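J.: First, the structure itself, so that you have it in front of you.
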Amino acid sequence: MFLRELTITIDHLRGAGPATINALTKAGITDMRSLLCQYPKDWEDRSKIVPLRDFARAPVCTVARVLTHVWIGQGKTRTLKVYVEDASGDRGSLICFNRPFMEKILVTGNYYRIWGVFQYRYGELQSSVFEVEAHGEKDGVAEPSKQSGFGQILPVYPLRAGLNQGMLRKLIRQALDRYAEPLENELPEAIIARDGLLSKPRAVRSIHFPESFEELAKAKETLVYEELFYLEVMVCRRAKARGTAVGSRHTGGGGAAFQHSSYLSPLQKALVERLPFPLTAGQIEAVEEINRDLDGPCQMARLLQGDVGSGKTLVSFLAALRVIEEKGQAAIMAPTELLSRQHAENAARLLEPLGVRPAFLTGTIGASGRHALLKSLASGDIDLVVGTHALFSRDVAYNDLRLVVIDEQHRFGVLQRQAVMAKGERPGLLMMSATPIPRTLALTVFGDMDISIIQDMPAGRKPVKTHLARESNEEKVYAFVRGELEKGKQAYFVYPLIEKIEKTEPDGNKGLKDAQSMAERLASRVFPEYSVALIHSKRDEEEKRTIMERFRLGEIRILVATSVVEVGVDVPNATCMVVEHAERFGLSALHQLRGRVGRGKDQSYCFLVYSDALTEDGKTRLKVMLENTDGFVIAEEDLKLRGPGQIAGTEQSGFFILGIADPVRDSEKLERARSDAFTMLEHDPDCSLPEYECVARVLHRAPPFDNLERSTARA
Ligand code: ADP
Ligand code: MG
């Protein structure tokens, strides 16, 4: 029997009353398998003596003698306080809140095993969180009972309302005693033998109640590997469901045999001919790869990576043309209304002349407009729709959706992608990102995808000149920007806050400049002769739209903003980016902001203005921006400085909540598990590896290809 087959419900356990069952059910624990997969978050060592004097290092775990009883307080708040003394003569007190019965249990002069969290209060060591067990008289020492947990390593479970450690320990111990023994191994025997892992019954038992910390480590290793192995089995199966041969991922290159003119479809060629510039080699390669995917028998799933400004939008338009040409529909989704509107405007400008019928759909469109639009989408009167995640709301139906493009994919959670892919019949998926994908994500969330990388930038781009400036030197920065404005150029000023913070914040946000006050100051005092506008996430969409439009037309010369302009905004005439309190931004965000300028042929400038009080370390971090123009390198530095928890995309991905494995921490194991899983399925494609409970739960909640099930069912 496999663990996942242990569907006996928890009401079969002794001591699980209705309230407990209710609380467990609320926590998602309904049967033996979910109970046993409720892994501890920590373990408490009650096998070693921790005397009172070491209370600060760990919970005290020792034998002590009861000295006296004292009652404190009056009436209802009357509380028993028991003074104890351990073998080294140190003393402490046990405060028995709501436990008056302890008077009878803790007999003066007797010895007890005591486990408790102690603190220094009112000049003495006190504990109100403690457990005791009779140890007998000084000489007549009794063995600790199994139930009490003394002398053992005990699990510490994550708790939710209505649950407590004692109860969970009791129930899980019982479940282990009754059901663990006959469990079958989930991992192939060969792997267990090769790596010296534990059998399933032993691994499950030891993860909860290990005999030693060595055994605990083995149990963890076994269960972690099991999860990762099945995660990769799923990834591999998904790739196969798409029809791709596993491992056939081309990452740039490989398309050299195609001639520029021969690989483009007629509509694509028509667009390229209308452009005032040639495609870059990277763009050509990406389009080639996409065309091959779309022409091939497999469902496309491709990740397009290219630094800020490398021209990914154009590639997505070309991809869309390829399916539109065959009477299919394409959808391009962007994370913000601002960005999707910009894409929609570009699509209209570039594609309408080719006879393409584009549309724009966001959450803020009026009801009647929306109704008409949905009708045209469903009937196929629209070829290309651009928008926010509103594109994939429940009531949106497509006539024949063949391509889904997700721009700035790291901004989206995984759940949305699932809704997305269900809107068509095996539509191709193109995800675009300027943020490099960390290796662990590449192996898990994107583990079955092909990758294209645009390495080059459009010709004639001059690298943005970046300068660091102290806040006290900002006048010089303003003077420089004035010079650019006089040449007819435009500028962005970016601030970490939207509006002034009135009350003093504990983290010292007080002296921070905010976009709103600075917009007023720049408009009235610094640049009174130029038009200044303010844009941030709290303004309504219509205002944002008008402002962006006027900025694009050059009617507004200075755009004061928060990081809303961070992604995607494209106004080539803007040549200055001034980021104030730059130390408040992550390096990748700064790189994105800097990418808003340098989009035309003119020399552009980025000023990172930092607080005069910035530490040397802080300055060193900002200097990374001076020395690097490559987003991949900057992201890597960011990662080193901030740690993996901050990697773009991982927080939202939801994929990192496996049961016990952590793909970032366990990345080495992940790679091995991947190679094991892939080898296994290569040799024996029909092998009856089970659908693994925990992994299946994760992937079913958030599959990048939600039509995986559909497509395998059909095959
Ligand atoms: P990103 O990859 O950051 O999304 P965009 O698609 O916004 O970049 O492109 C940045 C700018 O570069 C746009 O103004 C676009 O028109 C322009 N562009 C795209 N491809 C080329 C090219 N091959 N040559 C010159 N300019 C290009
Ligand atoms: Mg873009």
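Residue numbering restarts at 1 for every chain of the structure tokens, chains are lettered A, B, ... in their displayed order, and ligands are numbered from 1 as they appear.
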Per residue of chain A within 9 Å of ligand 1, note the shortest atom pair and the distance in Å to one decimal, counting only C-alpha atoms and all ligand atoms, and order the rows by chain and increasing residue number, as CSV.

T.:
residue,atom,partner,partner_atom_place_in_ligand_line,distance
A:Leu275,CA,ligand 1,22 (C),8.5
A:Pro276,CA,ligand 1,25 (C),7.9
A:Phe277,CA,ligand 1,24 (N),5.0
A:Pro278,CA,ligand 1,23 (N),5.1
A:Leu279,CA,ligand 1,23 (N),3.7
A:Thr280,CA,ligand 1,23 (N),4.6
A:Ala281,CA,ligand 1,23 (N),8.3
A:Gly282,CA,ligand 1,23 (N),8.9
A:Gln283,CA,ligand 1,23 (N),7.1
A:Gln305,CA,ligand 1,2 (O),8.4
A:Gly306,CA,ligand 1,2 (O),5.9
A:Asp307,CA,ligand 1,2 (O),6.0
A:Val308,CA,ligand 1,3 (O),3.6
A:Gly309,CA,ligand 1,3 (O),3.4
A:Ser310,CA,ligand 1,2 (O),4.0
A:Gly311,CA,ligand 1,6 (O),3.4
A:Lys312,CA,ligand 1,2 (O),3.8
A:Thr313,CA,ligand 1,6 (O),3.7
A:Leu314,CA,ligand 1,6 (O),5.6
A:Val315,CA,ligand 1,6 (O),7.8
A:Ser316,CA,ligand 1,6 (O),8.7
A:His343,CA,ligand 1,7 (O),8.7
A:Asn346,CA,ligand 1,16 (O),8.7
A:Asp407,CA,ligand 1,4 (O),8.0
A:Glu408,CA,ligand 1,4 (O),8.2
A:Met432,CA,ligand 1,4 (O),8.2
A:Ser433,CA,ligand 1,2 (O),7.9
A:Ala434,CA,ligand 1,3 (O),6.8
A:Ile454,CA,ligand 1,2 (O),8.7
A:Met457,CA,ligand 1,22 (C),7.6
A:Pro458,CA,ligand 1,24 (N),4.1
A:Ala459,CA,ligand 1,24 (N),6.0
A:Gly460,CA,ligand 1,25 (C),7.8
A:Arg461,CA,ligand 1,25 (C),8.1
A:Val567,CA,ligand 1,3 (O),8.2
A:Gly568,CA,ligand 1,7 (O),5.8
A:Val569,CA,ligand 1,7 (O),7.0
A:Asp570,CA,ligand 1,7 (O),5.7
A:Val571,CA,ligand 1,14 (O),7.0
A:Pro572,CA,ligand 1,14 (O),6.1
A:Gln592,CA,ligand 1,3 (O),8.6
A:Gly595,CA,ligand 1,3 (O),7.4
A:Arg596,CA,ligand 1,3 (O),8.5
A:Gly598,CA,ligand 1,11 (C),9.0
A:Arg599,CA,ligand 1,11 (C),5.5
A:Gly600,CA,ligand 1,14 (O),7.1

J.: Would you return as a list in words the members of segment 522-639 of chain A that DSSP assigns to strand (DSSP E or B) on this structure's backbone?

T.: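 So, restricting segment 522-639 of chain A to strand (DSSP E or B), we get Val532, Ala533, Leu534, Ile535, Ile558, Leu559, Val560, Ala561, Ala574, Thr575, Cys576, Met577, Val578, Val579, Glu580, Tyr605, Cys606, Phe607, Leu608, Val609 and Tyr610 of chain A.
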
J.: Residues near segment 370-384 of chain A, anyone? I mean within 6 Å using only C-alpha atoms, not counting same-chain ones fewer than 3 positions away, as a list in words.

T.: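 In the requested format, the answer is Gln329, Ala330, Ala331, Arg357, Pro358, Gly366, Ala367, Ala397, Tyr398 and Asn399 of chain A.
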
J.: Using only C-alpha atoms, which protein or nucleic acid residues come within 8 Å of Phe118 of chain A? Drop anything in the same chain fewer than 2 positions from it, and give the result as a list in words.

T.: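 Once the adjacent positions are removed, what remains is Leu52, Phe55, Ala56, Pro59, Val60, Gly116, Tyr120, Leu125, Gln126, Ser127, Ser128 and Val129 of chain A.
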
J.: Atom CA of Arg65 of chain A to atom CA of Lys146 of chain A: how many Å, to one decimal?

T.: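 About the pair atom CA of Arg65 of chain A and atom CA of Lys146 of chain A: they are 21.7 Å apart.
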
J.: List every residue of segment 328-520 of chain A that DSSP, applied to the backbone, labels as helix (DSSP H, G or I), and write the result as an MDAnalysis selection string.

T.: chainID A and resid 337:354 367:379 389:392 409:411 414:421 439:443 471:486 515:520

J.: Taking only C-alpha atoms and all ligand atoms into account, name the residue in A:Leu338, A:Cys576, A:Ala320, A:Val477 that is nearest to ligand 2.

T.: A:Leu338
